[in-house]
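Read through the structure below, which is laid out as structure tokens, and then see the notes.
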Protein chains: 2
Amino acid sequence: VLPTRLRCYACGATATFDERKRCTCGESLWFETSSSGFEWPDRRDPGMWRYADLLPVDPSSGVGAAAGGTPLVRTPRLDVGARLLVKDEGQNPTGSFKDRGSAVGVAYAARAGRDRIWTVSHGNMAISTAATAAGVGMECTVCVPVDVPEERLENVARYGPEIVRVEGDYGRLYHESLALEGIEFVNSDTPLRVAGQKTVALEICEAFSPELPDAIVLPVSSGGQLSAVRKALGELRAAGLIDQLPRLYAVQTAACDPIVRAFEVGEREVSAIDAEETIAYSIANADPPSGNRALAALRATGGAAVSVPDEETRAAQRRLAREGGFVVEASSAVAYAGLERLVERGALDAGERVVLIATGSGFKERTESPVESRTVALEELSSIE
Amino acid sequence: VLPTRLRCYACGATATFDERKRCTCGESLWFETSSSGFEWPDRRDPGMWRYADLLPVDPSSGVGAAAGGTPLVRTPRLDVGARLLVKDEGQNPTGSFKDRGSAVGVAYAARAGRDRIWTVSHGNMAISTAATAAGVGMECTVCVPVDVPEERLENVARYGPEIVRVEGDYGRLYHESLALEGIEFVNSDTPLRVAGQKTVALEICEAFSPELPDAIVLPVSSGGQLSAVRKALGELRAAGLIDQLPRLYAVQTAACDPIVRAFEVGEREVSAIDAEETIAYSIANADPPSGNRALAALRATGGAAVSVPDEETRAAQRRLAREGGFVVEASSAVAYAGLERLVERGALDAGERVVLIATGSGFKERTESPVESRTVALEELSSIE
């Protein structure tokens, strides 16, 4: 029997999964998870599925079974005062953190007898949902803005989903799609996606166990991933496996930073803004559906929100590659740029251990830099050093 | 103390690592590994480093520590008679199997006090070597053919290695580079690379333990990866952990298939051929340095070699994505196309378990297909199913 009971983190109201995906109070609903008595598992299931006891469904076959289990990499060369560990989510099946939520979403929908899954995305989430659905033979529909350039859809189209360009406000599409009856949308902060996404924090905490990292830094767009991390920490505390919470730091691009703005002025609610162009376009959500949840999580853990301009994102991306060996997308590099700012502000002490969630591989994006090289003759090879 | 003793698989001669990288008989040299008494480890080191007892060096810091540990994914939709499991090497730090050999190569060179590492490659191996070197702060030089298009070097250049275009025969460069004194080249079938590369087979066998897969199918270019798989199987047999060997099947592109040609006519040595253009250009090695070793491994295990035309590779690539959720490069898709041919020939029985090594992610290659989509108005969303 599939669990169906959801609860609103904000007002405490409950609902079933079939009734609604968002609370009548406007906030997101999550699966209720009883973690009482949970211990770090002995089971050797691959990746994130070792935490199946905390998930609303068991793994299905196919690529979704391979999600998660990404490395946590200590790279001293990237230290910026604090001691850095990179959680390399690019090593998921489709190269991004989205595979965790897709794995739970597709497995649950399959068990529930659905033959098609839907999502609103033109980036990593669309790629991930389409791939995971393909792995179990489920149809997939991806809804994108009517004017998104074709080249941004090439990686989505590889998996053969139905692609629907939707005319009208994209923010409204997000919410209205969730209210459709009989159609299963797995959007960025929906109950199934948050349920899968939380496994990244379970992996981080288990790797540090019985200690804890001092802080976790991550890029934020809809707020879904930050919500999921917060949910995981709560479950681990309820299980008695951690007794305090690492500080959570959210980083946004300065071109679109509604959560940062609300954080800085002490608001409890995030207001929609007008976004500008940015290289980190995949985290440019001007009206984040889990923005309020994100704000609460930052404050509850003693963290903060910070935004960075594109030029710092570019520099961070370059440093991650050239000094760390990590090619990440611009939307991941913002987190490293933000970390540098946080250290300058004194938010992190030297010697503190901070985990950077590198959310996605950079190989899906073309590079802009020219290739520099020199030419030698084979006969001169011995003298080139 | 770093181990330095190498042995020729063919003539049995020994040498030290500093003396030479290839045997005076012309064949490749490998590190001698004593696996007597080796057991599947309890250690929880990340990825391939759980097998450190069989490797010539311990892990260094940085991204090399995150190599290996890739998922083995059962995907019934991709079955072609035999029962298929995909070993998804695209989930390595730089998206290909090459990270395993780079991890050992860079760690060893660092321990040996080198400050620069070299490789001859313009593809995954160059990307992987440059990334792994960056992770420990070692300089890297990548030697490429003088006429390689700049766009093929973009992913290499992200990591900032020195790129040297070499005028002259590329096959000669491979061999002459290994004879240079005081310069550490980690080419595709060198002792350090084979030592790291073998961990893919250790992972496969441990996942099946105490059973074994019936067959392993992989794309072959230089023969280095196949050699490494063969070496691992030998070590596991010497340790008593397996008592027979899975059949090894090598797949090449029909545009460049010197190993297949030699196999089919019963030769013991591979002869250089003239390669044609192919979408699987990264496995188009016309004069494979470990070709003879590959031939011997195929015959010793009761396997075979088969080649496939580009149109079958394209169809395999499409099926892997649309029915499996795996976006792989063309050079990996050849293995699936080859598997389909092998099943047609009766080489594999229904119900046999076969592991396909998907050597690299396809996200580094652009897609050629147009993106198909349709447009609806937001108001019509409820009626689109």
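By convention here, the chains of the structure tokens are called A, B, ... in the order presented, each chain's residues are numbered starting at 1, and ligands are numbered starting at 1 in the order presented.
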
Produce the least-squares-superposed copy of chain A, fitted on chain B over all in-order C-alpha pairs, as a compact mmCIF listing (two decimals) with C-alpha atoms, in the first residue's frame.
# COMPACT_ATOMS: atom_id res chain seq x y z
CA VAL A 1 57.09 2.82 -0.75
CA LEU A 2 55.46 2.76 -4.18
CA PRO A 3 55.45 -0.57 -6.01
CA THR A 4 57.44 -0.39 -9.23
CA ARG A 5 57.60 -3.95 -10.51
CA LEU A 6 56.00 -4.55 -13.91
CA ARG A 7 55.55 -7.79 -15.81
CA CYS A 8 54.81 -8.56 -19.45
CA TYR A 9 51.70 -10.71 -19.79
CA ALA A 10 53.05 -12.14 -23.05
CA CYS A 11 56.67 -13.12 -22.50
CA GLY A 12 56.83 -12.91 -18.72
CA ALA A 13 59.76 -10.49 -18.66
CA THR A 14 59.87 -8.02 -15.77
CA ALA A 15 60.98 -4.41 -15.56
CA THR A 16 60.66 -1.53 -13.15
CA PHE A 17 58.29 1.35 -13.72
CA ASP A 18 61.18 3.77 -14.16
CA GLU A 19 62.92 1.57 -16.72
CA ARG A 20 60.17 1.31 -19.29
CA LYS A 21 56.40 1.26 -19.86
CA ARG A 22 56.34 -1.31 -22.64
CA CYS A 23 58.17 -4.62 -22.81
CA THR A 24 61.15 -5.11 -25.09
CA CYS A 25 59.01 -7.75 -26.85
CA GLY A 26 56.64 -4.95 -27.88
CA GLU A 27 53.69 -5.75 -25.64
CA SER A 28 52.28 -3.73 -22.73
CA LEU A 29 53.61 -4.04 -19.21
CA TRP A 30 51.38 -4.21 -16.14
CA PHE A 31 51.96 -3.78 -12.44
CA GLU A 32 52.43 -7.10 -10.73
CA THR A 33 49.61 -7.52 -8.24
CA SER A 34 49.48 -10.16 -5.58
CA SER A 35 45.82 -10.91 -4.99
CA SER A 36 46.41 -14.08 -3.00
CA GLY A 37 44.22 -13.88 0.09
CA PHE A 38 42.29 -10.88 -1.18
CA GLU A 39 38.65 -10.81 -0.10
CA TRP A 40 35.79 -8.50 -0.95
CA PRO A 41 36.51 -5.57 1.35
CA ASP A 42 34.49 -4.35 4.31
CA ARG A 43 35.98 -0.88 3.95
CA ARG A 44 33.68 1.90 2.93
CA ASP A 45 36.10 4.02 0.94
CA PRO A 46 34.29 5.82 -1.87
CA GLY A 47 34.07 4.30 -5.31
CA MET A 48 36.94 2.30 -6.71
CA TRP A 49 39.22 2.97 -3.74
CA ARG A 50 37.59 0.20 -1.78
CA TYR A 51 39.93 -1.98 -3.83
CA ALA A 52 43.05 -0.07 -2.75
CA ASP A 53 44.64 -3.35 -1.63
CA LEU A 54 44.89 -4.33 -5.30
CA LEU A 55 46.09 -0.92 -6.50
CA PRO A 56 49.66 0.43 -6.67
CA VAL A 57 48.79 3.57 -4.68
CA ASP A 58 46.32 5.00 -2.15
CA PRO A 59 43.91 7.76 -3.16
CA SER A 60 44.96 11.38 -3.25
CA SER A 61 42.64 14.27 -2.42
CA GLY A 62 40.39 15.90 -4.95
CA VAL A 63 38.14 14.59 -7.67
CA GLY A 64 40.27 11.48 -8.28
CA ALA A 65 39.09 10.18 -4.92
CA ALA A 66 35.54 10.14 -6.34
CA ALA A 67 36.23 7.94 -9.36
CA GLY A 68 34.40 4.65 -9.85
CA GLY A 69 31.64 3.21 -7.76
CA THR A 70 29.28 3.52 -10.70
CA PRO A 71 25.85 1.88 -10.71
CA LEU A 72 25.07 -1.44 -12.34
CA VAL A 73 21.53 -0.96 -13.57
CA ARG A 74 19.05 -3.67 -14.47
CA THR A 75 16.84 -2.30 -17.26
CA PRO A 76 14.48 -4.98 -18.60
CA ARG A 77 13.26 -2.70 -21.37
CA LEU A 78 16.66 -2.91 -23.02
CA ASP A 79 16.81 -6.71 -23.00
CA VAL A 80 17.67 -8.22 -26.35
CA GLY A 81 17.23 -11.86 -25.54
CA ALA A 82 19.89 -11.92 -22.84
CA ARG A 83 19.18 -10.17 -19.55
CA LEU A 84 20.94 -6.82 -19.64
CA LEU A 85 22.64 -4.82 -16.90
CA VAL A 86 24.16 -1.46 -17.76
CA LYS A 87 27.39 -0.46 -16.00
CA ASP A 88 26.93 3.30 -16.25
CA GLU A 89 30.44 4.70 -16.42
CA GLY A 90 29.01 8.07 -17.37
CA GLN A 91 28.48 8.56 -13.64
CA ASN A 92 32.19 9.13 -13.08
CA PRO A 93 33.48 12.61 -12.13
CA THR A 94 34.14 13.69 -15.72
CA GLY A 95 31.51 11.45 -17.28
CA SER A 96 33.64 8.56 -18.51
CA PHE A 97 35.42 5.36 -17.52
CA LYS A 98 38.75 7.12 -18.01
CA ASP A 99 38.54 8.62 -14.52
CA ARG A 100 39.55 5.30 -12.96
CA GLY A 101 42.91 5.18 -14.70
CA SER A 102 43.47 8.89 -14.25
CA ALA A 103 42.84 8.56 -10.52
CA VAL A 104 45.57 5.94 -10.14
CA GLY A 105 47.90 7.69 -12.58
CA VAL A 106 47.69 11.08 -10.89
CA ALA A 107 47.86 9.69 -7.36
CA TYR A 108 50.93 7.63 -8.23
CA ALA A 109 52.69 10.47 -10.01
CA ALA A 110 51.97 12.79 -7.09
CA ARG A 111 53.42 10.32 -4.58
CA ALA A 112 56.43 9.88 -6.84
CA GLY A 113 57.06 13.61 -6.58
CA ARG A 114 56.07 14.59 -10.09
CA ASP A 115 54.65 18.07 -10.63
CA ARG A 116 53.27 17.45 -14.14
CA ILE A 117 51.41 14.63 -15.87
CA TRP A 118 51.01 14.08 -19.61
CA THR A 119 48.66 12.25 -21.91
CA VAL A 120 48.10 11.67 -25.61
CA SER A 121 44.38 12.18 -26.22
CA HIS A 122 41.86 14.68 -27.52
CA GLY A 123 38.81 13.14 -25.89
CA ASN A 124 37.64 11.60 -22.63
CA MET A 125 41.14 10.65 -21.50
CA ALA A 126 42.40 14.20 -21.92
CA ILE A 127 39.37 15.58 -20.06
CA SER A 128 39.79 13.07 -17.27
CA THR A 129 43.55 13.46 -16.86
CA ALA A 130 43.30 17.26 -16.80
CA ALA A 131 40.48 17.20 -14.22
CA THR A 132 42.17 14.73 -11.93
CA ALA A 133 45.44 16.64 -12.08
CA ALA A 134 43.60 19.88 -11.27
CA GLY A 135 42.15 18.26 -8.17
CA VAL A 136 45.58 17.77 -6.62
CA GLY A 137 47.30 20.85 -8.03
CA MET A 138 49.46 18.99 -10.54
CA GLU A 139 50.22 20.53 -13.93
CA CYS A 140 48.94 18.69 -16.99
CA THR A 141 49.98 18.59 -20.63
CA VAL A 142 47.67 17.13 -23.26
CA CYS A 143 49.13 16.17 -26.64
CA VAL A 144 46.66 16.21 -29.54
CA PRO A 145 46.91 15.81 -33.31
CA VAL A 146 47.79 19.05 -35.04
CA ASP A 147 44.58 19.09 -37.04
CA VAL A 148 41.96 18.24 -34.40
CA PRO A 149 39.02 20.70 -34.62
CA GLU A 150 38.99 23.28 -31.83
CA GLU A 151 35.44 22.37 -30.81
CA ARG A 152 36.58 18.88 -29.79
CA LEU A 153 39.00 20.47 -27.34
CA GLU A 154 36.52 22.75 -25.58
CA ASN A 155 35.75 20.33 -22.78
CA VAL A 156 39.45 19.61 -22.25
CA ALA A 157 40.26 23.31 -22.09
CA ARG A 158 37.77 23.91 -19.26
CA TYR A 159 40.29 22.44 -16.83
CA GLY A 160 43.14 24.63 -18.03
CA PRO A 161 45.77 22.08 -19.06
CA GLU A 162 48.55 22.96 -21.48
CA ILE A 163 47.40 21.76 -24.91
CA VAL A 164 50.11 20.84 -27.40
CA ARG A 165 49.26 20.16 -31.03
CA VAL A 166 51.80 17.67 -32.33
CA GLU A 167 52.77 17.59 -36.00
CA GLY A 168 53.56 14.07 -37.18
CA ASP A 169 52.14 10.57 -37.00
CA TYR A 170 49.75 10.21 -34.03
CA GLY A 171 50.40 6.49 -33.62
CA ARG A 172 54.12 7.12 -33.37
CA LEU A 173 53.46 9.86 -30.84
CA TYR A 174 51.79 7.31 -28.61
CA HIS A 175 54.82 5.07 -28.50
CA GLU A 176 57.56 7.69 -28.58
CA SER A 177 55.98 9.63 -25.75
CA LEU A 178 56.29 6.59 -23.48
CA ALA A 179 60.00 6.34 -24.16
CA LEU A 180 60.74 9.90 -23.00
CA GLU A 181 62.80 10.00 -19.83
CA GLY A 182 61.64 12.02 -16.89
CA ILE A 183 58.21 12.77 -18.38
CA GLU A 184 55.19 10.88 -17.07
CA PHE A 185 52.75 10.02 -19.84
CA VAL A 186 49.58 8.15 -18.78
CA ASN A 187 48.32 6.91 -22.14
CA SER A 188 45.47 4.52 -22.74
CA ASP A 189 47.14 1.20 -21.97
CA THR A 190 50.01 2.26 -19.76
CA PRO A 191 50.64 0.38 -16.50
CA LEU A 192 49.04 3.00 -14.25
CA ARG A 193 45.96 3.39 -16.42
CA VAL A 194 45.36 -0.34 -16.68
CA ALA A 195 45.83 -0.62 -12.91
CA GLY A 196 43.03 1.85 -12.27
CA GLN A 197 40.84 0.72 -15.12
CA LYS A 198 40.61 -2.83 -13.84
CA THR A 199 38.39 -1.65 -10.96
CA VAL A 200 35.36 -1.60 -13.25
CA ALA A 201 35.55 -5.39 -13.48
CA LEU A 202 36.14 -5.72 -9.74
CA GLU A 203 32.92 -3.77 -9.14
CA ILE A 204 30.96 -5.88 -11.61
CA CYS A 205 32.16 -9.15 -10.10
CA GLU A 206 31.58 -8.01 -6.53
CA ALA A 207 28.02 -6.98 -7.41
CA PHE A 208 27.34 -10.48 -8.75
CA SER A 209 29.28 -12.32 -6.03
CA PRO A 210 29.16 -15.22 -5.31
CA GLU A 211 27.75 -15.65 -8.82
CA LEU A 212 29.19 -14.26 -12.03
CA PRO A 213 27.75 -12.56 -15.10
CA ASP A 214 27.77 -14.79 -18.17
CA ALA A 215 29.29 -12.12 -20.38
CA ILE A 216 30.67 -8.58 -20.46
CA VAL A 217 30.32 -6.49 -23.62
CA LEU A 218 32.39 -3.37 -24.15
CA PRO A 219 33.61 -1.02 -26.88
CA VAL A 220 37.29 -1.41 -27.73
CA SER A 221 39.75 1.08 -29.15
CA SER A 222 43.36 0.78 -27.89
CA GLY A 223 42.51 -2.43 -26.06
CA GLY A 224 43.52 -0.90 -22.74
CA GLN A 225 40.14 -1.25 -21.06
CA LEU A 226 39.67 -4.83 -22.22
CA SER A 227 43.18 -5.63 -20.97
CA ALA A 228 42.27 -4.14 -17.62
CA VAL A 229 39.09 -6.20 -17.35
CA ARG A 230 41.07 -9.32 -18.20
CA LYS A 231 43.68 -8.45 -15.57
CA ALA A 232 41.02 -8.00 -12.89
CA LEU A 233 39.43 -11.35 -13.69
CA GLY A 234 42.81 -13.03 -13.39
CA GLU A 235 43.42 -11.44 -10.01
CA LEU A 236 40.03 -12.51 -8.71
CA ARG A 237 40.59 -16.05 -9.88
CA ALA A 238 44.00 -16.09 -8.18
CA ALA A 239 42.27 -14.91 -5.01
CA GLY A 240 39.75 -17.74 -5.29
CA LEU A 241 36.83 -15.30 -5.50
CA ILE A 242 35.75 -16.52 -8.93
CA ASP A 243 36.38 -19.92 -10.47
CA GLN A 244 35.62 -19.22 -14.10
CA LEU A 245 35.68 -16.18 -16.36
CA PRO A 246 32.73 -14.40 -17.96
CA ARG A 247 32.95 -14.31 -21.75
CA LEU A 248 34.36 -11.02 -22.99
CA TYR A 249 32.94 -9.45 -26.15
CA ALA A 250 34.65 -6.54 -27.89
CA VAL A 251 32.72 -4.22 -30.18
CA GLN A 252 34.29 -1.84 -32.69
CA THR A 253 32.95 0.56 -35.26
CA ALA A 254 32.97 -0.89 -38.77
CA ALA A 255 34.86 2.22 -39.87
CA CYS A 256 37.84 1.14 -37.78
CA ASP A 257 37.88 -2.49 -36.66
CA PRO A 258 41.41 -3.88 -36.74
CA ILE A 259 40.81 -6.17 -33.74
CA VAL A 260 37.65 -7.61 -35.27
CA ARG A 261 39.45 -8.31 -38.53
CA ALA A 262 42.27 -10.13 -36.79
CA PHE A 263 39.81 -12.08 -34.64
CA GLU A 264 37.77 -13.23 -37.61
CA VAL A 265 40.71 -14.63 -39.54
CA GLY A 266 42.26 -16.28 -36.50
CA GLU A 267 45.35 -14.08 -36.29
CA ARG A 268 47.24 -13.71 -33.04
CA GLU A 269 48.43 -10.24 -33.93
CA VAL A 270 46.46 -7.16 -34.94
CA SER A 271 47.60 -5.29 -38.04
CA ALA A 272 47.19 -1.57 -38.52
CA ILE A 273 44.46 -0.53 -40.95
CA ASP A 274 43.27 2.66 -42.63
CA ALA A 275 40.35 4.05 -40.65
CA GLU A 276 37.34 5.75 -42.20
CA GLU A 277 35.20 8.55 -40.79
CA THR A 278 32.73 7.56 -38.05
CA ILE A 279 30.49 9.10 -35.41
CA ALA A 280 32.31 6.86 -32.94
CA TYR A 281 35.58 8.67 -33.61
CA SER A 282 36.84 8.36 -30.05
CA ILE A 283 37.27 4.59 -30.44
CA ALA A 284 38.75 4.76 -33.94
CA ASN A 285 42.25 3.52 -33.13
CA ALA A 286 43.64 2.08 -36.35
CA ASP A 287 46.76 0.59 -34.71
CA PRO A 288 45.70 -0.42 -31.18
CA PRO A 289 48.68 -0.75 -28.82
CA SER A 290 46.96 -3.45 -26.75
CA GLY A 291 45.27 -5.11 -29.70
CA ASN A 292 47.12 -8.40 -29.33
CA ARG A 293 46.29 -8.51 -25.64
CA ALA A 294 42.64 -7.90 -26.46
CA LEU A 295 42.58 -10.74 -28.96
CA ALA A 296 44.06 -13.13 -26.44
CA ALA A 297 41.51 -12.10 -23.81
CA LEU A 298 38.58 -12.67 -26.14
CA ARG A 299 39.77 -16.15 -27.04
CA ALA A 300 40.76 -17.15 -23.51
CA THR A 301 37.26 -16.41 -22.24
CA GLY A 302 35.31 -17.84 -25.16
CA GLY A 303 34.15 -14.43 -26.31
CA ALA A 304 34.30 -12.73 -29.69
CA ALA A 305 34.75 -9.43 -31.53
CA VAL A 306 32.15 -7.78 -33.69
CA SER A 307 31.86 -4.47 -35.54
CA VAL A 308 28.84 -2.29 -36.31
CA PRO A 309 28.09 0.40 -38.89
CA ASP A 310 27.23 3.94 -37.80
CA GLU A 311 23.55 3.57 -38.62
CA GLU A 312 23.22 0.75 -36.10
CA THR A 313 25.18 2.79 -33.57
CA ARG A 314 22.74 5.67 -34.02
CA ALA A 315 19.77 3.36 -33.56
CA ALA A 316 21.35 1.86 -30.45
CA GLN A 317 22.06 5.30 -29.02
CA ARG A 318 18.46 6.29 -29.58
CA ARG A 319 17.11 3.12 -27.98
CA LEU A 320 19.37 3.44 -24.94
CA ALA A 321 17.99 6.94 -24.35
CA ARG A 322 14.34 6.41 -25.22
CA GLU A 323 13.84 2.98 -23.70
CA GLY A 324 16.52 2.99 -21.03
CA GLY A 325 17.02 6.60 -19.95
CA PHE A 326 20.76 6.45 -20.73
CA VAL A 327 22.28 9.21 -22.85
CA VAL A 328 25.63 7.77 -23.92
CA GLU A 329 28.20 8.87 -26.46
CA ALA A 330 28.29 7.16 -29.84
CA SER A 331 31.42 5.27 -28.84
CA SER A 332 29.48 3.64 -26.01
CA ALA A 333 26.38 2.94 -28.08
CA VAL A 334 28.45 0.73 -30.41
CA ALA A 335 28.56 -1.83 -27.59
CA TYR A 336 24.76 -2.09 -27.48
CA ALA A 337 24.57 -2.32 -31.26
CA GLY A 338 27.18 -5.06 -31.10
CA LEU A 339 25.21 -6.89 -28.43
CA GLU A 340 22.20 -6.98 -30.73
CA ARG A 341 24.37 -8.56 -33.44
CA LEU A 342 25.84 -11.07 -31.02
CA VAL A 343 22.38 -12.19 -29.95
CA GLU A 344 21.32 -12.57 -33.59
CA ARG A 345 24.34 -14.79 -34.11
CA GLY A 346 23.39 -16.92 -31.15
CA ALA A 347 26.45 -15.93 -29.10
CA LEU A 348 24.26 -15.25 -26.08
CA ASP A 349 21.38 -17.37 -24.86
CA ALA A 350 18.07 -16.03 -23.62
CA GLY A 351 18.27 -15.74 -19.87
CA GLU A 352 22.01 -15.24 -19.76
CA ARG A 353 23.09 -12.21 -17.80
CA VAL A 354 25.23 -9.78 -19.75
CA VAL A 355 26.85 -6.57 -18.50
CA LEU A 356 27.17 -3.73 -21.00
CA ILE A 357 29.89 -1.23 -20.10
CA ALA A 358 28.48 2.15 -21.11
CA THR A 359 31.82 3.91 -21.16
CA GLY A 360 30.83 7.57 -21.37
CA SER A 361 28.07 10.14 -21.05
CA GLY A 362 26.57 11.56 -24.23
CA PHE A 363 26.09 15.06 -22.88
CA LYS A 364 29.50 16.13 -24.17
CA GLU A 365 28.29 15.53 -27.74
CA ARG A 366 25.69 17.70 -29.40
CA THR A 367 22.55 16.01 -30.68
CA GLU A 368 21.72 16.21 -34.36
CA SER A 369 18.00 15.57 -34.16
CA PRO A 370 15.46 18.40 -34.44
CA VAL A 371 13.33 19.06 -31.35
CA GLU A 372 9.67 18.22 -31.90
CA SER A 373 7.02 20.02 -29.86
CA ARG A 374 3.48 21.31 -30.00
CA THR A 375 1.95 24.47 -28.56
CA VAL A 376 -1.12 24.87 -26.34
CA ALA A 377 -2.59 27.80 -24.43
CA LEU A 378 -2.44 27.70 -20.63
CA GLU A 379 -6.23 27.75 -20.54
CA GLU A 380 -6.36 24.56 -22.56
CA LEU A 381 -3.97 22.71 -20.29
CA SER A 382 -6.64 20.58 -18.68
CA SER A 383 -7.63 19.15 -22.03
CA ILE A 384 -4.24 18.23 -23.39
CA GLU A 385 -3.98 14.64 -22.26

| strand (DSSP E) residues, from DSSP on the backbone, in segment 243-296 of chain B, as an NGL selection string | :B and (247-253)

| Per-residue DSSP, segment 29-238 of chain A, filtered to helix (DSSP H, G or I), as an MDAnalysis selection string | chainID A and resid 47:54 63:66 76:78 89:91 98:111 124:136 150:157 170:178 191:197 199:208 224:238
